[in-house]
>>> print(open('target-v9.pdb').read())   # PDB, C-alpha atoms, pLDDT in the B column
ATOM      1  CA  MET S   1      -4.099  41.639  25.038  1.00 50.00           C
ATOM      2  CA  PRO S   2      -1.309  40.109  22.897  1.00 55.00           C
ATOM      3  CA  VAL S   3      -1.441  36.856  24.942  1.00 49.00           C
ATOM      4  CA  LEU S   4      -5.201  36.586  24.424  1.00 47.00           C
ATOM      5  CA  THR S   5      -4.734  37.109  20.664  1.00 45.00           C
ATOM      6  CA  ARG S   6      -2.096  34.344  20.507  1.00 47.00           C
ATOM      7  CA  VAL S   7      -4.360  31.950  22.420  1.00 42.00           C
ATOM      8  CA  ALA S   8      -7.310  32.695  20.127  1.00 42.00           C
ATOM      9  CA  LEU S   9      -5.215  32.236  16.966  1.00 43.00           C
ATOM     10  CA  GLY S  10      -3.709  29.021  18.333  1.00 51.00           C
ATOM     11  CA  TRP S  11      -7.175  27.682  19.065  1.00 46.00           C
ATOM     12  CA  LEU S  12      -8.403  28.616  15.566  1.00 44.00           C
ATOM     13  CA  GLY S  13      -5.326  27.000  14.022  1.00 48.00           C
ATOM     14  CA  ALA S  14      -5.989  23.784  15.925  1.00 44.00           C
ATOM     15  CA  LEU S  15      -9.608  23.761  14.709  1.00 39.00           C
ATOM     16  CA  ALA S  16      -8.463  24.335  11.126  1.00 44.00           C
ATOM     17  CA  ALA S  17      -6.026  21.398  11.364  1.00 44.00           C
ATOM     18  CA  ILE S  18      -8.753  19.134  12.742  1.00 43.00           C
ATOM     19  CA  ALA S  19     -11.193  20.233  10.032  1.00 41.00           C
ATOM     20  CA  ALA S  20      -8.619  19.593   7.299  1.00 40.00           C
ATOM     21  CA  THR S  21      -7.996  16.101   8.657  1.00 41.00           C
ATOM     22  CA  LEU S  22     -11.679  15.225   8.981  1.00 39.00           C
ATOM     23  CA  TRP S  23     -12.757  16.506   5.591  1.00 41.00           C
ATOM     24  CA  ALA S  24      -9.739  15.617   3.486  1.00 41.00           C
ATOM     25  CA  PRO S  25     -10.850  13.685   0.396  1.00 42.00           C
ATOM     26  CA  SER S  26      -9.845  10.048   0.329  1.00 40.00           C
ATOM     27  CA  PRO S  27      -7.321   9.052  -2.342  1.00 42.00           C
ATOM     28  CA  ALA S  28      -8.898   7.976  -5.606  1.00 44.00           C
ATOM     29  CA  ALA S  29      -8.610   4.372  -6.689  1.00 45.00           C
ATOM     30  CA  ALA S  30      -6.117   3.674  -9.417  1.00 48.00           C
ATOM     31  CA  ALA S  31      -7.735   4.592 -12.683  1.00 62.00           C
ATOM     32  CA  GLY S  32      -6.883   3.790 -16.234  1.00 80.00           C
ATOM     33  CA  THR S  33      -5.382   0.802 -17.902  1.00 91.00           C
ATOM     34  CA  PHE S  34      -2.131  -1.012 -17.340  1.00 94.00           C
ATOM     35  CA  THR S  35      -0.096  -3.513 -19.340  1.00 94.00           C
ATOM     36  CA  LEU S  36       0.474  -6.915 -17.770  1.00 93.00           C
ATOM     37  CA  THR S  37       3.383  -8.634 -19.516  1.00 94.00           C
ATOM     38  CA  CYS S  38       4.717 -12.183 -19.694  1.00 94.00           C
ATOM     39  CA  THR S  39       7.973 -13.463 -21.116  1.00 94.00           C
ATOM     40  CA  GLN S  40       6.111 -15.942 -23.328  1.00 93.00           C
ATOM     41  CA  THR S  41       2.702 -16.840 -24.714  1.00 91.00           C
ATOM     42  CA  GLY S  42       1.485 -20.057 -23.129  1.00 86.00           C
ATOM     43  CA  GLY S  43       4.070 -22.704 -24.003  1.00 84.00           C
ATOM     44  CA  ASP S  44       5.771 -20.691 -26.764  1.00 89.00           C
ATOM     45  CA  THR S  45       9.101 -19.729 -25.207  1.00 86.00           C
ATOM     46  CA  THR S  46       9.960 -17.203 -27.915  1.00 88.00           C
ATOM     47  CA  THR S  47       6.885 -14.962 -28.104  1.00 92.00           C
ATOM     48  CA  PRO S  48       6.389 -12.179 -25.530  1.00 93.00           C
ATOM     49  CA  TYR S  49       2.800 -11.654 -24.427  1.00 92.00           C
ATOM     50  CA  SER S  50       0.979  -8.670 -22.965  1.00 93.00           C
ATOM     51  CA  ILE S  51      -2.590  -7.690 -22.189  1.00 92.00           C
ATOM     52  CA  THR S  52      -4.251  -4.471 -21.150  1.00 93.00           C
ATOM     53  CA  VAL S  53      -5.929  -4.697 -17.754  1.00 94.00           C
ATOM     54  CA  ASP S  54      -7.699  -2.390 -15.337  1.00 92.00           C
ATOM     55  CA  SER S  55      -6.742  -2.163 -11.671  1.00 94.00           C
ATOM     56  CA  VAL S  56      -8.285  -5.633 -11.220  1.00 92.00           C
ATOM     57  CA  VAL S  57      -7.079  -8.597 -13.298  1.00 93.00           C
ATOM     58  CA  ASN S  58     -10.272 -10.583 -13.793  1.00 91.00           C
ATOM     59  CA  HIS S  59     -10.953 -14.313 -13.732  1.00 90.00           C
ATOM     60  CA  ASN S  60      -9.256 -16.008 -16.756  1.00 91.00           C
ATOM     61  CA  GLU S  61      -8.153 -12.652 -18.199  1.00 92.00           C
ATOM     62  CA  ALA S  62      -4.436 -13.529 -18.337  1.00 92.00           C
ATOM     63  CA  SER S  63      -4.803 -17.188 -19.281  1.00 91.00           C
ATOM     64  CA  GLY S  64      -2.439 -16.755 -22.252  1.00 91.00           C
ATOM     65  CA  CYS S  65       0.494 -15.844 -19.994  1.00 92.00           C
ATOM     66  CA  GLY S  66       3.546 -18.024 -19.669  1.00 93.00           C
ATOM     67  CA  GLY S  67       7.030 -17.610 -18.259  1.00 93.00           C
ATOM     68  CA  VAL S  68       7.525 -14.656 -15.947  1.00 93.00           C
ATOM     69  CA  ALA S  69       4.368 -12.570 -15.470  1.00 93.00           C
ATOM     70  CA  THR S  70       4.968  -8.949 -14.512  1.00 94.00           C
ATOM     71  CA  ILE S  71       2.028  -7.286 -12.791  1.00 92.00           C
ATOM     72  CA  PRO S  72       2.263  -3.519 -13.252  1.00 92.00           C
ATOM     73  CA  GLU S  73       2.102  -0.979 -10.467  1.00 92.00           C
ATOM     74  CA  GLY S  74      -1.495   0.221 -10.304  1.00 93.00           C
ATOM     75  CA  VAL S  75      -3.040  -3.246 -10.351  1.00 94.00           C
ATOM     76  CA  THR S  76      -4.630  -3.636  -6.937  1.00 93.00           C
ATOM     77  CA  SER S  77      -6.250  -7.054  -7.148  1.00 92.00           C
ATOM     78  CA  LEU S  78      -6.101 -10.416  -8.893  1.00 91.00           C
ATOM     79  CA  GLU S  79      -9.445 -12.163  -9.124  1.00 90.00           C
ATOM     80  CA  TRP S  80      -9.660 -15.913  -8.583  1.00 88.00           C
ATOM     81  CA  ARG S  81      -7.563 -17.862 -11.163  1.00 91.00           C
ATOM     82  CA  PRO S  82      -6.604 -15.026 -13.543  1.00 92.00           C
ATOM     83  CA  PHE S  83      -3.936 -17.149 -15.289  1.00 91.00           C
ATOM     84  CA  THR S  84      -6.085 -20.177 -16.200  1.00 90.00           C
ATOM     85  CA  GLN S  85      -8.538 -20.795 -19.042  1.00 87.00           C
ATOM     86  CA  ASP S  86     -11.335 -22.202 -16.888  1.00 84.00           C
ATOM     87  CA  ASP S  87     -12.174 -23.169 -13.324  1.00 82.00           C
ATOM     88  CA  THR S  88     -10.589 -26.634 -13.508  1.00 85.00           C
ATOM     89  CA  ALA S  89      -7.496 -25.845 -15.598  1.00 85.00           C
ATOM     90  CA  THR S  90      -3.965 -25.146 -14.470  1.00 87.00           C
ATOM     91  CA  ASN S  91      -1.345 -23.059 -16.207  1.00 88.00           C
ATOM     92  CA  PRO S  92       1.972 -24.949 -16.130  1.00 88.00           C
ATOM     93  CA  HIS S  93       3.582 -22.276 -18.321  1.00 90.00           C
ATOM     94  CA  ILE S  94       3.760 -19.613 -15.598  1.00 89.00           C
ATOM     95  CA  THR S  95       7.174 -19.906 -13.945  1.00 91.00           C
ATOM     96  CA  SER S  96       6.991 -16.860 -11.654  1.00 91.00           C
ATOM     97  CA  ILE S  97       5.023 -13.709 -10.942  1.00 88.00           C
TER      98      ILE S  97
END
>>> encode(input="target-v9.pdb", output="structure tokens")
Amino acid sequence: MPVLTRVALGWLGALAAIAATLWAPSPAAAAGTFTLTCTQTGGDTTTPYSITVDSVVNHNEASGCGGVATIPEGVTSLEWRPFTQDDTATNPHITSI
């Protein structure tokens, strides 16, 4: 009888582990706002610059950045050309990301 009890409990434990794996909630996407910083504003080498962004930095959203841009942990995506003012512009003031 004790062996049968151990087998039954082991089987139930295995089912519980499978159920927990199958129905575990997926991790939530990063929520909230983050601060993207740059060491300068555009071509002004003396003025730090920062903007508040969501987990996605949108098209043209960081066009004022110059120098070293620091993308905060929590940002998961950069949309097409986030550091330029329009679709044909470049941003020669960004030195590194």
>>> residues_around(input="target-v9.pdb", residues="S:Gln85", least_positions_apart="2", cutoff="9 Å", atoms="all atoms listed in the file", output="PyMOL selection string")
chain S and resi 59-64+81-83+87-91
>>> atom_distance(input="target-v9.pdb", atom1="atom CA of S:Gly43", atom2="atom CA of S:Val57")
20.9 Å
>>> closest_residue(input="target-v9.pdb", among="S:Trp80, S:Gly66, S:Val75, S:Thr95", to="S:Cys38", atoms="all atoms listed in the file")
S:Gly66
>>> residues_near_point(input="target-v9.pdb", point="(8.4, -8.9, -20.9)", cutoff="8 Å", atoms="all atoms listed in the file", output="VMD selection string")
chain S and resid 37 to 40 48 to 50 68 to 70
>>> write_last_selection(input="target-v9.pdb", atoms="C-alpha atoms", output="PDB file, in the coordinates of the input")
ATOM      1  CA  THR S  37       3.383  -8.634 -19.516  1.00 94.00           C
ATOM      2  CA  CYS S  38       4.717 -12.183 -19.694  1.00 94.00           C
ATOM      3  CA  THR S  39       7.973 -13.463 -21.116  1.00 94.00           C
ATOM      4  CA  GLN S  40       6.111 -15.942 -23.328  1.00 93.00           C
ATOM      5  CA  PRO S  48       6.389 -12.179 -25.530  1.00 93.00           C
ATOM      6  CA  TYR S  49       2.800 -11.654 -24.427  1.00 92.00           C
ATOM      7  CA  SER S  50       0.979  -8.670 -22.965  1.00 93.00           C
ATOM      8  CA  VAL S  68       7.525 -14.656 -15.947  1.00 93.00           C
ATOM      9  CA  ALA S  69       4.368 -12.570 -15.470  1.00 93.00           C
ATOM     10  CA  THR S  70       4.968  -8.949 -14.512  1.00 94.00           C
TER      11      THR S  70
END
>>> atom_distance(input="target-v9.pdb", atom1="atom CA of S:Glu73", atom2="atom CA of S:Thr33")
10.7 Å
>>> atom_distance(input="target-v9.pdb", atom1="atom CA of S:Ser77", atom2="atom CA of S:Asp54")
9.5 Å
>>> residues_near_point(input="target-v9.pdb", point="(-0.8, -3.3, -18.1)", cutoff="7 Å", atoms="all atoms listed in the file", output="list in words")
Thr33, Phe34, Thr35, Leu36, Thr37, Ile51, Thr52, Val53 and Pro72 of chain S
>>> axis_aligned_box(input="target-v9.pdb", around="stretch 93-97 of chain S", padding_each_side="4 Å", output="AutoDock Vina command-line options")
--center_x 5.4 --center_y -18.0 --center_z -14.6 --size_x 11.6 --size_y 16.6 --size_z 15.4
>>> closest_residue(input="target-v9.pdb", among="S:Pro92, S:Gly42, S:Asp86, S:Val56", to="S:Ile71", atoms="only C-alpha atoms")
S:Val56
>>> closest_residue(input="target-v9.pdb", among="S:Thr46, S:Gly32, S:Ser55, S:Gly67", to="S:His93", atoms="only C-alpha atoms")
S:Gly67
